[in-house]
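Q: Below are the structure tokens for one structure; questions will follow.
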There are 2 protein chains.
Amino acid sequence: MVDTGLIEKICSKDKLAISRTITKIELANSNSIEILKELHKKTGKSYRIGITGPPGAGKSSLTNQLTKLYRKKGFTVGIIAVDPTSPFTGGALLGDRVRMSEIGNDAGVFIRSMATRGSLGGLSSKTQDAADVLDAAGFDFIIFETVGVGQSELDIVKIADTTIVVLVPESGDSIQAMKAGLMEIADIFVLNKSDRPGADNVMTSLKTMIYLKDHTTEDWLPAIIKTIAPENIGIDELAGEIDKHKNFLTANNLFEKKRSEHSKLRVKEIVEELIKDELWNTKRLIELESEIKKVVAGKYSPYQIAEDLINNYKNSLTD
Amino acid sequence: MVDTGLIEKICSKDKLAISRTITKIELANSNSIEILKELHKKTGKSYRIGITGPPGAGKSSLTNQLTKLYRKKGFTVGIIAVDPTSPFTGGALLGDRVRMSEIGNDAGVFIRSMATRGSLGGLSSKTQDAADVLDAAGFDFIIFETVGVGQSELDIVKIADTTIVVLVPESGDSIQAMKAGLMEIADIFVLNKSDRPGADNVMTSLKTMIYLKDHTTEDWLPAIIKTIAPENIGIDELAGEIDKHKNFLTANNLFEKKRSEHSKLRVKEIVEELIKDELWNTKRLIELESEIKKVVAGKYSPYQIAEDLINNYKNSLTD
């Protein structure tokens, strides 16, 4: 049973209720799915912005300025800072005491850091669950902020309506390497710290990349917005460009299509995660452990063991 | 039924038979699992080396020189060049006509490029299948070569006995960003093109990283080998260091342990892939497609649709 009081509190932007619910989601508390089912009915109104880029590009600072601008315009903002921790090292949450003191006490702003140890699947699934909580709570904008190291920046396009890739003049070298991935995910490029040396080179590289890309006149081509976040330079232009992209999606019936693609990926992920949880119970993990020696010794093929485990799983369902 | 003639041909290093079998694996030909089960019995003798690093670090050139050295010493070498194509762009196979003309005609060398569109899971699973074919064929060394862009370099540690991370003097900037990931996966660092400016800085950064890492006196600490691959400088030292790492693993009973961990991950991946194939049949994908509108409209929760699909799957098993 879902506590209707909790749902009401969330929908009135009670930060404690929101925070506790997201914690339940992170811990995969059994009750969280039931809460999410209830909350989902209240969702669909928030616009979801993804902000990604290399470490040190100034994503947090940019998020803060954008948030302050939206607040001035009367909008509410939920921020989910995703820390795609290396599956090997653990690592710390995105620390941002500065941010908390700047905008954290505003009743119209909710900030949450989420770590994603282990699976990438976990990243987008739990992040989207948390976004649904914020959506139900009625935040006008949800900003996902994630360090782009590898796969994570590709994951952000699966959850954001508008994806912003933040670069700095020093990113010149990396652009070549990240080229394909970046080009495909960016709806908007931000060149932050654009007063530093090298800015012109990066602008030229980006422009070349954008215009060399196969496109028709109907396609959205990412703009490049120059910003200096701490001085609040370029933030108005960025908000304007986000708005432009949003209108482009709506005018071309792409918004619904995008959301539908995202939802499909999400449902698939949920299905697969739920089945995996059931599949890899303690009993079956012990079975795997005990059979694996035969594989290493070359006696059994991994496929043989895999088939045995699958049969075992299927039999358990029909018992 | 598996063609025993095919198995015999593979085990006598018949390149055409090996190549066709790997193609069957790539295409997920239904017969390929049966072939792999047979071949697995013949495996366990090859030593598996992973070579990863940023684009342009000279991985192919290094692989070629290492291969030539091993051939001189009388060993046979199988090379699997993995192209972790962006899931968005498609992209080309690692082109290496130079390589083919240099070492491709040697009967003791087999070279194969594998593209991995889409899932990362696909990368390690099919790569390992191909490695099993080469192992059964009796190649002494199997070298996996993969561009380290994001998650792929983390995947290589799941399949290699010794993982080599190749950097160049120009990698200075990236090292900081990749720090955690790199440190955890490298058994050996190679600083290639080490005659270029910046080499000393990269050496210093790497050494600092290595010594700052938590370690006990029993731990393996990665060496840094300076190479200039086209001039064959440092290749002997690299081969020596690979040998040293191999002996370290064996002397500390870590080899068996590593192989066992790799096999476990592999079996899990196979189980999950086989279940996914069965789960996401055309019928269920159509069902997902037709229900998704209700999710976007906020009428149904993704969890509700997910549960319906799981029940549908389970019921199909008991029919």
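Letters for chains follow the order of the structure tokens (A, B, ...), residue numbers begin at 1 for each chain, and ligand numbers begin at 1 in the order shown.
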Would you list which chain A residues are within 8 Å of chain B using only C-alpha atoms, as a VMD selection string?
A: chain A and resid 33 36 to 38 40 to 44 54 to 55 86 88 to 89 149 to 151 174 177 to 178 180 to 181 184 256 259 to 260 263 to 264 266 to 268 270 to 272 275 to 276 288 to 289 292 to 293 295 to 307 309 to 310 314 317 to 318
Q: Take the residues just selected and output them with C-alpha atoms as a PDB file, in the first residue's frame.
A:
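Saved file selection_26.pdb follows:
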```
ATOM      1  CA  ILE A  33       7.977   0.687  -7.272  1.00  0.00           C
ATOM      2  CA  LEU A  36       6.541   5.304  -8.569  1.00  0.00           C
ATOM      3  CA  LYS A  37       3.420   3.767 -10.103  1.00  0.00           C
ATOM      4  CA  GLU A  38       1.268   6.249  -8.214  1.00  0.00           C
ATOM      5  CA  HIS A  40       3.762   8.434 -12.659  1.00  0.00           C
ATOM      6  CA  LYS A  41       0.125   9.479 -13.069  1.00  0.00           C
ATOM      7  CA  LYS A  42       1.095  12.989 -12.046  1.00  0.00           C
ATOM      8  CA  THR A  43       4.049  13.278 -14.450  1.00  0.00           C
ATOM      9  CA  GLY A  44       4.499  14.664 -17.952  1.00  0.00           C
ATOM     10  CA  PRO A  54      34.417  16.597 -19.341  1.00  0.00           C
ATOM     11  CA  PRO A  55      35.477  17.087 -15.709  1.00  0.00           C
ATOM     12  CA  SER A  86      34.089   4.170 -12.004  1.00  0.00           C
ATOM     13  CA  PHE A  88      36.264  -0.050  -9.962  1.00  0.00           C
ATOM     14  CA  THR A  89      37.068   2.757  -7.580  1.00  0.00           C
ATOM     15  CA  VAL A 149      33.492  10.191 -19.071  1.00  0.00           C
ATOM     16  CA  GLY A 150      32.796   7.508 -21.579  1.00  0.00           C
ATOM     17  CA  GLN A 151      29.441   5.886 -21.826  1.00  0.00           C
ATOM     18  CA  SER A 174      39.557  15.722 -26.733  1.00  0.00           C
ATOM     19  CA  ALA A 177      38.555  11.741 -29.936  1.00  0.00           C
ATOM     20  CA  MET A 178      35.020  12.269 -28.755  1.00  0.00           C
ATOM     21  CA  ALA A 180      31.348  10.924 -33.162  1.00  0.00           C
ATOM     22  CA  GLY A 181      29.735  10.540 -29.781  1.00  0.00           C
ATOM     23  CA  GLU A 184      25.326  12.681 -32.092  1.00  0.00           C
ATOM     24  CA  GLU A 256       6.216  12.942 -28.321  1.00  0.00           C
ATOM     25  CA  ARG A 259       9.587  10.718 -25.095  1.00  0.00           C
ATOM     26  CA  SER A 260       8.146   7.562 -26.541  1.00  0.00           C
ATOM     27  CA  SER A 263      10.022   5.314 -22.392  1.00  0.00           C
ATOM     28  CA  LYS A 264      10.560   2.232 -24.508  1.00  0.00           C
ATOM     29  CA  ARG A 266      13.215   2.545 -19.933  1.00  0.00           C
ATOM     30  CA  VAL A 267      10.577  -0.175 -19.886  1.00  0.00           C
ATOM     31  CA  LYS A 268      13.058  -2.573 -21.503  1.00  0.00           C
ATOM     32  CA  ILE A 270      13.140  -2.220 -16.055  1.00  0.00           C
ATOM     33  CA  VAL A 271      12.032  -5.564 -17.461  1.00  0.00           C
ATOM     34  CA  GLU A 272      15.620  -6.736 -17.799  1.00  0.00           C
ATOM     35  CA  ILE A 275      14.342 -10.481 -14.459  1.00  0.00           C
ATOM     36  CA  LYS A 276      18.047 -10.296 -13.584  1.00  0.00           C
ATOM     37  CA  LEU A 288      27.502 -20.597 -10.963  1.00  0.00           C
ATOM     38  CA  GLU A 289      30.423 -20.412  -8.529  1.00  0.00           C
ATOM     39  CA  ILE A 292      32.863 -22.291 -13.053  1.00  0.00           C
ATOM     40  CA  LYS A 293      35.931 -24.426 -12.319  1.00  0.00           C
ATOM     41  CA  VAL A 295      34.699 -24.003 -17.482  1.00  0.00           C
ATOM     42  CA  VAL A 296      38.206 -22.797 -16.632  1.00  0.00           C
ATOM     43  CA  ALA A 297      39.475 -26.372 -16.896  1.00  0.00           C
ATOM     44  CA  GLY A 298      37.959 -26.569 -20.385  1.00  0.00           C
ATOM     45  CA  LYS A 299      35.632 -29.428 -19.397  1.00  0.00           C
ATOM     46  CA  TYR A 300      32.413 -27.462 -19.770  1.00  0.00           C
ATOM     47  CA  SER A 301      31.674 -24.713 -22.232  1.00  0.00           C
ATOM     48  CA  PRO A 302      30.345 -21.421 -20.836  1.00  0.00           C
ATOM     49  CA  TYR A 303      27.339 -22.039 -23.079  1.00  0.00           C
ATOM     50  CA  GLN A 304      26.665 -25.389 -21.420  1.00  0.00           C
ATOM     51  CA  ILE A 305      26.677 -23.850 -17.939  1.00  0.00           C
ATOM     52  CA  ALA A 306      24.580 -20.934 -19.203  1.00  0.00           C
ATOM     53  CA  GLU A 307      21.946 -23.286 -20.591  1.00  0.00           C
ATOM     54  CA  LEU A 309      21.316 -22.037 -15.382  1.00  0.00           C
ATOM     55  CA  ILE A 310      18.564 -20.889 -17.743  1.00  0.00           C
ATOM     56  CA  LYS A 314      12.712 -21.547 -16.051  1.00  0.00           C
ATOM     57  CA  LEU A 317       9.043 -20.394 -12.483  1.00  0.00           C
ATOM     58  CA  THR A 318       6.787 -23.341 -13.164  1.00  0.00           C
TER      59      THR A 318
END
```
Q: Skipping near chain neighbours, those fewer than 5 positions away, what residues fall within 12 Å of A:Val202 using only C-alpha atoms, listed as a ChimeraX atom specification?
A: /A:166-176,189-197,207-209,224-226
Q: Taking N, CA and C atoms for each residue, export the selection above as a PDB file, in the first residue's frame.
A:
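Now in again.pdb:
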```pdb
ATOM      1  N   VAL A 166      28.906  20.562 -22.708  1.00  0.00           N
ATOM      2  CA  VAL A 166      29.733  21.694 -22.279  1.00  0.00           C
ATOM      3  C   VAL A 166      31.200  21.399 -22.546  1.00  0.00           C
ATOM      4  N   LEU A 167      31.857  22.306 -23.243  1.00  0.00           N
ATOM      5  CA  LEU A 167      33.287  22.171 -23.494  1.00  0.00           C
ATOM      6  C   LEU A 167      33.991  23.426 -23.015  1.00  0.00           C
ATOM      7  N   VAL A 168      35.294  23.350 -22.888  1.00  0.00           N
ATOM      8  CA  VAL A 168      36.099  24.526 -22.544  1.00  0.00           C
ATOM      9  C   VAL A 168      37.209  24.646 -23.583  1.00  0.00           C
ATOM     10  N   PRO A 169      37.853  25.814 -23.667  1.00  0.00           N
ATOM     11  CA  PRO A 169      38.906  25.982 -24.678  1.00  0.00           C
ATOM     12  C   PRO A 169      39.963  24.878 -24.614  1.00  0.00           C
ATOM     13  N   GLU A 170      40.202  24.360 -23.413  1.00  0.00           N
ATOM     14  CA  GLU A 170      41.205  23.307 -23.272  1.00  0.00           C
ATOM     15  C   GLU A 170      40.733  21.963 -23.831  1.00  0.00           C
ATOM     16  N   SER A 171      39.475  21.872 -24.222  1.00  0.00           N
ATOM     17  CA  SER A 171      38.955  20.583 -24.685  1.00  0.00           C
ATOM     18  C   SER A 171      39.377  20.258 -26.107  1.00  0.00           C
ATOM     19  N   GLY A 172      40.065  21.216 -26.774  1.00  0.00           N
ATOM     20  CA  GLY A 172      40.453  21.030 -28.170  1.00  0.00           C
ATOM     21  C   GLY A 172      40.897  19.622 -28.522  1.00  0.00           C
ATOM     22  N   ASP A 173      41.849  19.100 -27.740  1.00  0.00           N
ATOM     23  CA  ASP A 173      42.397  17.786 -28.042  1.00  0.00           C
ATOM     24  C   ASP A 173      41.364  16.682 -27.976  1.00  0.00           C
ATOM     25  N   SER A 174      40.507  16.811 -26.967  1.00  0.00           N
ATOM     26  CA  SER A 174      39.557  15.722 -26.733  1.00  0.00           C
ATOM     27  C   SER A 174      38.474  15.690 -27.790  1.00  0.00           C
ATOM     28  N   ILE A 175      38.199  16.851 -28.404  1.00  0.00           N
ATOM     29  CA  ILE A 175      37.080  16.912 -29.340  1.00  0.00           C
ATOM     30  C   ILE A 175      37.243  15.891 -30.448  1.00  0.00           C
ATOM     31  N   GLN A 176      38.453  15.814 -30.987  1.00  0.00           N
ATOM     32  CA  GLN A 176      38.700  14.878 -32.064  1.00  0.00           C
ATOM     33  C   GLN A 176      38.330  13.461 -31.631  1.00  0.00           C
ATOM     34  N   PHE A 189      25.734  23.017 -28.041  1.00  0.00           N
ATOM     35  CA  PHE A 189      27.075  23.039 -27.472  1.00  0.00           C
ATOM     36  C   PHE A 189      27.233  24.308 -26.646  1.00  0.00           C
ATOM     37  N   VAL A 190      27.864  24.184 -25.487  1.00  0.00           N
ATOM     38  CA  VAL A 190      28.238  25.364 -24.722  1.00  0.00           C
ATOM     39  C   VAL A 190      29.749  25.401 -24.661  1.00  0.00           C
ATOM     40  N   LEU A 191      30.328  26.524 -25.078  1.00  0.00           N
ATOM     41  CA  LEU A 191      31.760  26.712 -24.872  1.00  0.00           C
ATOM     42  C   LEU A 191      31.905  27.601 -23.649  1.00  0.00           C
ATOM     43  N   ASN A 192      32.155  26.967 -22.523  1.00  0.00           N
ATOM     44  CA  ASN A 192      32.254  27.693 -21.263  1.00  0.00           C
ATOM     45  C   ASN A 192      33.693  28.192 -21.063  1.00  0.00           C
ATOM     46  N   LYS A 193      33.861  29.131 -20.177  1.00  0.00           N
ATOM     47  CA  LYS A 193      35.176  29.752 -19.942  1.00  0.00           C
ATOM     48  C   LYS A 193      35.714  30.273 -21.280  1.00  0.00           C
ATOM     49  N   SER A 194      34.806  30.875 -22.045  1.00  0.00           N
ATOM     50  CA  SER A 194      35.128  31.202 -23.437  1.00  0.00           C
ATOM     51  C   SER A 194      36.067  32.386 -23.575  1.00  0.00           C
ATOM     52  N   ASP A 195      36.492  32.966 -22.451  1.00  0.00           N
ATOM     53  CA  ASP A 195      37.478  34.046 -22.516  1.00  0.00           C
ATOM     54  C   ASP A 195      38.911  33.517 -22.464  1.00  0.00           C
ATOM     55  N   ARG A 196      39.035  32.196 -22.324  1.00  0.00           N
ATOM     56  CA  ARG A 196      40.389  31.645 -22.216  1.00  0.00           C
ATOM     57  C   ARG A 196      41.012  31.392 -23.591  1.00  0.00           C
ATOM     58  N   PRO A 197      42.351  31.300 -23.624  1.00  0.00           N
ATOM     59  CA  PRO A 197      43.010  31.050 -24.918  1.00  0.00           C
ATOM     60  C   PRO A 197      42.562  29.711 -25.501  1.00  0.00           C
ATOM     61  N   LYS A 207      32.292  24.096 -35.268  1.00  0.00           N
ATOM     62  CA  LYS A 207      31.524  24.533 -36.442  1.00  0.00           C
ATOM     63  C   LYS A 207      31.769  23.614 -37.625  1.00  0.00           C
ATOM     64  N   THR A 208      33.021  23.249 -37.810  1.00  0.00           N
ATOM     65  CA  THR A 208      33.356  22.356 -38.918  1.00  0.00           C
ATOM     66  C   THR A 208      32.641  21.026 -38.751  1.00  0.00           C
ATOM     67  N   MET A 209      32.705  20.489 -37.539  1.00  0.00           N
ATOM     68  CA  MET A 209      32.049  19.213 -37.254  1.00  0.00           C
ATOM     69  C   MET A 209      30.563  19.280 -37.559  1.00  0.00           C
ATOM     70  N   ILE A 224      26.211  26.838 -31.022  1.00  0.00           N
ATOM     71  CA  ILE A 224      27.306  26.870 -30.046  1.00  0.00           C
ATOM     72  C   ILE A 224      27.168  28.169 -29.249  1.00  0.00           C
ATOM     73  N   ILE A 225      26.930  28.045 -27.956  1.00  0.00           N
ATOM     74  CA  ILE A 225      26.748  29.221 -27.106  1.00  0.00           C
ATOM     75  C   ILE A 225      28.007  29.424 -26.277  1.00  0.00           C
ATOM     76  N   LYS A 226      28.558  30.641 -26.370  1.00  0.00           N
ATOM     77  CA  LYS A 226      29.731  30.970 -25.551  1.00  0.00           C
ATOM     78  C   LYS A 226      29.273  31.477 -24.188  1.00  0.00           C
TER      79      LYS A 226
END
```
Q: Fewer than 3 positions away in the same chain doesn't count, so skip those; otherwise give me all residues within 9 Å of A:Gly78, counting only C-alpha atoms, as a list in words.
A: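 These residues fall inside the cut-off: Thr67, Gly108, Val109, Phe110, Ile111, Arg112, Ala131, Leu134, Asp135, Phe139, Asp140, Phe141, Ile142, Ile143 and Phe144 of chain A.
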Q: Can those selected residues be exported to a file as a PDB file, in the first residue's frame so that it contains N, CA and C atoms?
A:
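Resulting contents of part-v2.pdb:
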```pdb
ATOM      1  N   THR A  67      19.697  27.795 -13.415  1.00  0.00           N
ATOM      2  CA  THR A  67      18.658  27.641 -12.406  1.00  0.00           C
ATOM      3  C   THR A  67      18.214  29.008 -11.876  1.00  0.00           C
ATOM      4  N   GLY A 108      11.838  26.685  -4.391  1.00  0.00           N
ATOM      5  CA  GLY A 108      11.543  26.320  -5.777  1.00  0.00           C
ATOM      6  C   GLY A 108      12.663  25.551  -6.462  1.00  0.00           C
ATOM      7  N   VAL A 109      13.666  25.158  -5.677  1.00  0.00           N
ATOM      8  CA  VAL A 109      14.789  24.394  -6.234  1.00  0.00           C
ATOM      9  C   VAL A 109      15.013  23.147  -5.395  1.00  0.00           C
ATOM     10  N   PHE A 110      15.154  22.006  -6.050  1.00  0.00           N
ATOM     11  CA  PHE A 110      15.514  20.787  -5.327  1.00  0.00           C
ATOM     12  C   PHE A 110      16.775  20.225  -5.969  1.00  0.00           C
ATOM     13  N   ILE A 111      17.780  19.931  -5.135  1.00  0.00           N
ATOM     14  CA  ILE A 111      19.053  19.417  -5.656  1.00  0.00           C
ATOM     15  C   ILE A 111      19.339  18.043  -5.070  1.00  0.00           C
ATOM     16  N   ARG A 112      19.721  17.129  -5.919  1.00  0.00           N
ATOM     17  CA  ARG A 112      20.049  15.793  -5.419  1.00  0.00           C
ATOM     18  C   ARG A 112      21.213  15.204  -6.191  1.00  0.00           C
ATOM     19  N   ALA A 131      13.689  11.476 -11.517  1.00  0.00           N
ATOM     20  CA  ALA A 131      13.113  12.557 -12.319  1.00  0.00           C
ATOM     21  C   ALA A 131      11.582  12.482 -12.290  1.00  0.00           C
ATOM     22  N   LEU A 134      10.404  14.167  -9.226  1.00  0.00           N
ATOM     23  CA  LEU A 134      10.465  15.632  -9.359  1.00  0.00           C
ATOM     24  C   LEU A 134       9.399  16.152 -10.332  1.00  0.00           C
ATOM     25  N   ASP A 135       9.131  15.375 -11.345  1.00  0.00           N
ATOM     26  CA  ASP A 135       8.091  15.735 -12.320  1.00  0.00           C
ATOM     27  C   ASP A 135       6.722  15.762 -11.620  1.00  0.00           C
ATOM     28  N   PHE A 139       8.047  20.295 -10.628  1.00  0.00           N
ATOM     29  CA  PHE A 139       9.143  21.168 -11.056  1.00  0.00           C
ATOM     30  C   PHE A 139       9.041  21.385 -12.567  1.00  0.00           C
ATOM     31  N   ASP A 140       9.158  22.648 -12.988  1.00  0.00           N
ATOM     32  CA  ASP A 140       9.000  22.973 -14.409  1.00  0.00           C
ATOM     33  C   ASP A 140      10.155  22.438 -15.245  1.00  0.00           C
ATOM     34  N   PHE A 141      11.357  22.541 -14.685  1.00  0.00           N
ATOM     35  CA  PHE A 141      12.534  22.030 -15.385  1.00  0.00           C
ATOM     36  C   PHE A 141      13.237  21.008 -14.506  1.00  0.00           C
ATOM     37  N   ILE A 142      13.700  19.935 -15.139  1.00  0.00           N
ATOM     38  CA  ILE A 142      14.573  18.995 -14.444  1.00  0.00           C
ATOM     39  C   ILE A 142      15.896  19.013 -15.185  1.00  0.00           C
ATOM     40  N   ILE A 143      16.972  19.311 -14.446  1.00  0.00           N
ATOM     41  CA  ILE A 143      18.300  19.330 -15.072  1.00  0.00           C
ATOM     42  C   ILE A 143      19.098  18.124 -14.587  1.00  0.00           C
ATOM     43  N   PHE A 144      19.520  17.288 -15.543  1.00  0.00           N
ATOM     44  CA  PHE A 144      20.431  16.189 -15.216  1.00  0.00           C
ATOM     45  C   PHE A 144      21.839  16.691 -15.512  1.00  0.00           C
TER      46      PHE A 144
END
```
Q: Between atom CA of A:Phe255 and atom CA of A:Thr52, measure the distance and give it in Å to one decimal.
A: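 According to the coordinates, atom CA of A:Phe255 and atom CA of A:Thr52 are separated by 20.5 Å.
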Q: Find, counting only C-alpha atoms, the residue in B:Ser205, B:Gly50, B:Ala251, B:Pro230 that gets nearest to B:Ile159.
A: B:Gly50
Q: Could you tell me how far atom CA of A:Met114 lies from atom CA of A:Ile80, in Å and to one decimal?
A: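 These two atoms are separated by 7.0 Å.
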Q: How would you write, as an MDAnalysis selection string, the set of residues in stretch 151-289 of chain B that DSSP gives as helix (DSSP H, G or I)?
A: chainID B and resid 152:158 169:185 199:212 229:231 235:251 254:279 282:289
Q: I'd like to know which of A:Asp132, A:Asp187, A:Glu145, A:Asp106 is closest to A:Val82, using only C-alpha atoms.
A: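 Nearest candidate to A:Val82 out of A:Asp132, A:Asp187, A:Glu145, A:Asp106: A:Glu145.
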